[in-house]
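Novice: The structure is given below, and queries will be raised subsequently.
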Amino acid sequence: MLYPIATQTRQLIDLSGIWQFKFAEQDWQPMAVPGSFNDQLVLSEYKNYIGDFFYQTKFFVTEEMLKQRVFLRFGSVTHYAEVSINHKNVGKHSGGFTPFEFDITDAVVLGENIVTVKANNILDDTTLPVGNYTEIEGENGKIIKKVDENFDFFNYAGIHRPVRIWTKPLNYIDDITVTYELKGDQAKVNLIVDVIGKAEQIRISILDEQDQVVATSIGGKEQCLNIENVIRWQPMNAYLYRAVIEILESGKVEDSYIEPFGMRTVEIKNNQFLINDKPFYFKGYGRHEDTHINGRGLSNTANVMDINLMKWQGANSFRTSHYPYSEEMMRLADREGFVVIDETTAVGLMNNFGFTLQIDQSRNTWETLNTHEAHRQVIRELIKRDKNYACVVMWSIANEPSTAEKGAYDYFAPLFELARELDPQKRPCCYVNILLAPAGKDEAMALSDVICLNRYYGWYKNTADLVGAKKALQEEIEHWHRLFPEKPIMFTEYGADTIAGLHDMDFNTPFTEEYQVEYYKANHEVIDAIPYFVGEHVWNFADFQTKYGIFRVQGNKKGLFTRTREPKLAAHYFKDRWNSVPDFDYKS
Ligand code: BDP
């Protein structure tokens, strides 16, 4: 799916700003878009509201625009949206973290138009993420809806990403798929252009970063171009070419679009993760889209600052835990050279998981969840959106599903197959394994190309016992290696809750800044000595908001940075460590 940009044939109007907002049967009030409604409304009953809510704004359509097709495009609405133009329904979308657009040409009029979005934030056992949905009768017989998140982040909702009016010519480029074969510094680039309507001829020019044309061709919907002296996209040293695609009608440009793309190879071989044929070491984070006031709403300012903080630390990668991130962040990562593990919204696929670390055997997850359809949809939409990014090196099909329960393999096998079939670049696929499904108990790891571990030895297990933690970690990693000697292993999460400003003489005191550092040092003692251990993603880049519970102190405090991005001691520790751990060949 193409990212919305203006070109010589397309207009783009950003509808970001102050919209009108209301819950059912209330008066309209101002609401910033993009942004979560929750924290803008201040009061607890609004912040925690579950159910339908409405957004509305006006926009203008000019005569010029009516000569083309007019589209309305949402970066995301969390979690479900029905959209109308001038009170006429134009479409709906479920899934809160992927873009969608509607052709509204027939619904708009010259002059002023009204767009209304009826949305809701209900999550249940058919949606992703998974929530436990209940309705109770409140005062005056009023039904109160409740979602108990089956995951550890606040259920922020609203119009989270930009809304844009986008005009396209009558015959237009609908999608572009870039693949390539790299041999040394030569590339054969294959471009597939999906066109709606007709295209007499398609002209493709590839420009380098100096805007010099390095290849050009005219032909049909699939074309192959050769590039010499290729500069590869490298982690933390990105190089992006731009493909200028034009539909020509009697020599005249009818539509044009510009797609940036980098070229690199990804391969798993001898339990190493190779990027451009060299063993790569992941240094970075699980993150969240979570900032003060914005909630989960896009903040380009926060994203740019985070990118700079990550660079300051010497990180080279992150995972989009636990949902597809904004297209703006993906483009930034691609531009800046951050390596991304791109995750779906599949989180909470675990029935009756609480903080007890016990599974209730009475409700088999795979017999009681109905998420398969939503899961297929998000895989399709994620790959369609992100397929051309060089920064994406692996798809994460799910976070911490209940893979120790019978039925996990059968649930996941068709989903891995779907992802592998849809991805034109055939990247590796993984899922992220939970501590409750360790080596020997997990049933699905055969499907995953990399053994991605979320491990909390020294926190949820072996609390304040780092000697025991090291031993348990070592044993488990070795067990995995015996089961799958060809697969690389990495941490996709490890961490300890840390209250900024809390200190102790005794470094072994959980929740202190000292303990967070000790915890990480102990884990590193183990993994640094294991050649097939290929990366460390800490949990989490920054503190983030969660639902309430006695295990959370105004949110999850495992960040290296606070929610407002002040560094904890561990942030400095990692800065030193990562600036001395190379991106490539760390263990050889
Ligand atoms: C894992 C989850 C993550 C949590 C983290 C934690 O993947 O979402 O926030 O643990 O407990 O279970 O901090």
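Starting from 1 in every chain, residues are counted up; chains themselves are A, B, ... following the order of the structure tokens, and ligands are numbered from 1 as listed.
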Counting only C-alpha atoms, what is within 9 Å of range 384-393 of chain A, bar same-chain residues fewer than 4 positions away, as a PyMOL selection string?

Specialist: chain A and resi 1-3+98-99+175-179+233-235+238+240+259-266+275+317+327+330-331+333-335+337-342+379-380+422-425+427-429

Novice: So that each row is one residue of chain A with an atom at most 7 Å from ligand 1, can you give its shortest atom pair and the distance in Å to one decimal, using only C-alpha atoms and all ligand atoms, rows by chain and rising number, as a tab-separated table?

Specialist:
```
residue	atom	partner	partner_atom_place_in_ligand_line	distance
A:Phe151	CA	ligand 1	8 (O)	6.1
A:Asp152	CA	ligand 1	9 (O)	4.8
A:Phe153	CA	ligand 1	9 (O)	6.7
A:Asn399	CA	ligand 1	7 (O)	6.1
A:Glu400	CA	ligand 1	7 (O)	5.9
A:Ile434	CA	ligand 1	12 (O)	6.8
A:Asn454	CA	ligand 1	1 (C)	6.6
A:Trp539	CA	ligand 1	13 (O)	6.8
A:Asn556	CA	ligand 1	13 (O)	6.2
A:Lys558	CA	ligand 1	13 (O)	6.4
```

Novice: Neighbouring residues of Asn308 in chain A were defined as those with any atom within 12 Å, considering only C-alpha atoms; residues of the same chain fewer than 3 positions away were excluded. Please report them as a list in words.

Specialist: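 Within the cut-off, the hits are Met236, Thr301, Ala302, Asn303, Val304, Met305, Lys311, Trp312, Gln313, Gly314, Ala315, Asn316, Leu332, Ala333, Glu336, Phe338 and Arg565 of chain A.
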
Novice: Can you write out the residues you just picked, keeping C-alpha atoms, as a PDB file, in the first residue's frame?

Specialist:
```pdb
ATOM      1  CA  MET A 236      22.979   2.573  10.669  1.00  0.00           C
ATOM      2  CA  THR A 301       8.654  15.136  17.490  1.00  0.00           C
ATOM      3  CA  ALA A 302       8.830  12.234  19.926  1.00  0.00           C
ATOM      4  CA  ASN A 303       9.828   9.847  17.136  1.00  0.00           C
ATOM      5  CA  VAL A 304      12.727  12.041  15.999  1.00  0.00           C
ATOM      6  CA  MET A 305      13.911  12.457  19.567  1.00  0.00           C
ATOM      7  CA  LYS A 311      21.629   6.557  18.153  1.00  0.00           C
ATOM      8  CA  TRP A 312      23.212   8.141  21.232  1.00  0.00           C
ATOM      9  CA  GLN A 313      23.061   4.744  22.887  1.00  0.00           C
ATOM     10  CA  GLY A 314      24.699   2.983  19.959  1.00  0.00           C
ATOM     11  CA  ALA A 315      21.593   0.909  19.235  1.00  0.00           C
ATOM     12  CA  ASN A 316      20.986  -0.424  15.742  1.00  0.00           C
ATOM     13  CA  LEU A 332      12.270   7.320   9.543  1.00  0.00           C
ATOM     14  CA  ALA A 333      13.824   3.988  10.521  1.00  0.00           C
ATOM     15  CA  GLU A 336      18.207   6.377   9.431  1.00  0.00           C
ATOM     16  CA  PHE A 338      17.535   1.177  12.037  1.00  0.00           C
ATOM     17  CA  ARG A 565      12.845  10.342  28.194  1.00  0.00           C
TER      18      ARG A 565
END
```

Novice: When distances are computed from only C-alpha atoms, which of A:Glu254, A:Glu246, A:Asp194, A:Glu443 shows the smallest separation from Ser217 in chain A?

Specialist: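 For Ser217 in chain A, the nearest of the candidates is A:Glu246.
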
Novice: So which residues touch Leu369 in chain A within 10 Å, counting only C-alpha atoms, skipping near sequence neighbours fewer than 6 positions away, as a PDB file with N, CA, C and O atoms, in the first residue's frame?

Specialist:
```
ATOM      1  N   ASP A 124     -12.023  -8.064  22.104  1.00  0.00           N
ATOM      2  CA  ASP A 124     -12.555  -9.300  22.691  1.00  0.00           C
ATOM      3  C   ASP A 124     -11.771 -10.486  22.160  1.00  0.00           C
ATOM      4  O   ASP A 124     -10.644 -10.310  21.688  1.00  0.00           O
ATOM      5  N   ASP A 125     -12.378 -11.676  22.199  1.00  0.00           N
ATOM      6  CA  ASP A 125     -11.591 -12.852  21.784  1.00  0.00           C
ATOM      7  C   ASP A 125     -11.666 -13.116  20.289  1.00  0.00           C
ATOM      8  O   ASP A 125     -11.279 -14.175  19.817  1.00  0.00           O
ATOM      9  N   THR A 126     -12.169 -12.132  19.521  1.00  0.00           N
ATOM     10  CA  THR A 126     -12.094 -12.246  18.060  1.00  0.00           C
ATOM     11  C   THR A 126     -11.142 -11.200  17.491  1.00  0.00           C
ATOM     12  O   THR A 126     -10.854 -11.201  16.300  1.00  0.00           O
ATOM     13  N   THR A 127     -10.707 -10.261  18.335  1.00  0.00           N
ATOM     14  CA  THR A 127      -9.906  -9.140  17.831  1.00  0.00           C
ATOM     15  C   THR A 127      -8.429  -9.339  18.172  1.00  0.00           C
ATOM     16  O   THR A 127      -8.064 -10.145  19.013  1.00  0.00           O
ATOM     17  N   VAL A 130      -5.990  -9.051  21.890  1.00  0.00           N
ATOM     18  CA  VAL A 130      -7.084  -9.769  22.536  1.00  0.00           C
ATOM     19  C   VAL A 130      -7.449  -9.071  23.847  1.00  0.00           C
ATOM     20  O   VAL A 130      -6.567  -8.694  24.617  1.00  0.00           O
ATOM     21  N   LEU A 349      -2.625 -13.630  23.026  1.00  0.00           N
ATOM     22  CA  LEU A 349      -3.121 -14.953  22.625  1.00  0.00           C
ATOM     23  C   LEU A 349      -2.772 -15.957  23.718  1.00  0.00           C
ATOM     24  O   LEU A 349      -1.983 -16.888  23.520  1.00  0.00           O
ATOM     25  N   MET A 350      -3.363 -15.738  24.858  1.00  0.00           N
ATOM     26  CA  MET A 350      -3.015 -16.528  26.031  1.00  0.00           C
ATOM     27  C   MET A 350      -4.177 -16.375  27.002  1.00  0.00           C
ATOM     28  O   MET A 350      -4.396 -15.280  27.518  1.00  0.00           O
ATOM     29  N   ASN A 351      -4.936 -17.424  27.183  1.00  0.00           N
ATOM     30  CA  ASN A 351      -6.113 -17.294  28.051  1.00  0.00           C
ATOM     31  C   ASN A 351      -5.731 -17.405  29.506  1.00  0.00           C
ATOM     32  O   ASN A 351      -4.921 -18.239  29.890  1.00  0.00           O
ATOM     33  N   ARG A 363      -9.110 -23.654  30.219  1.00  0.00           N
ATOM     34  CA  ARG A 363      -9.581 -22.965  29.012  1.00  0.00           C
ATOM     35  C   ARG A 363      -8.466 -22.963  27.990  1.00  0.00           C
ATOM     36  O   ARG A 363      -7.677 -22.042  27.942  1.00  0.00           O
TER      37      ARG A 363
END
```

Novice: How many Å lie between CA of Lys283 in chain A and CA of His537 in chain A, rounded to one decimal?

Specialist: 6.0 Å

Novice: Extract, using only C-alpha atoms, all DNA, RNA and protein residues at most 8 Å from range 519-521 of chain A, discarding same-chain residues fewer than 6 positions from it, and format them as number ranges by chain.

Specialist: A: 458, 466, 495-496

Novice: With all heavy atoms retained, write the just-selected residues as a short mmCIF file (atom, residue, chain, number, x, y, z; two decimals), in the first residue's frame.

Specialist:
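File part.cif, as written:
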```
data_model
loop_
_atom_site.label_atom_id
_atom_site.label_comp_id
_atom_site.auth_asym_id
_atom_site.auth_seq_id
_atom_site.Cartn_x
_atom_site.Cartn_y
_atom_site.Cartn_z
N GLY A 458 15.83 -13.31 36.87
CA GLY A 458 16.37 -12.20 37.65
C GLY A 458 15.30 -11.15 37.92
O GLY A 458 15.53 -10.19 38.65
N LEU A 466 20.66 -13.17 41.15
CA LEU A 466 21.25 -13.11 39.81
C LEU A 466 22.16 -14.31 39.53
O LEU A 466 22.36 -14.66 38.37
CB LEU A 466 21.98 -11.77 39.63
CG LEU A 466 21.02 -10.56 39.62
CD1 LEU A 466 21.79 -9.25 39.52
CD2 LEU A 466 20.00 -10.66 38.48
N GLY A 495 14.38 -7.57 31.06
CA GLY A 495 14.36 -6.29 31.76
C GLY A 495 13.84 -6.41 33.18
O GLY A 495 13.42 -7.47 33.62
N ALA A 496 13.90 -5.29 33.86
CA ALA A 496 13.49 -5.24 35.26
C ALA A 496 12.84 -3.88 35.53
O ALA A 496 13.37 -2.85 35.10
CB ALA A 496 14.72 -5.41 36.17
#
```
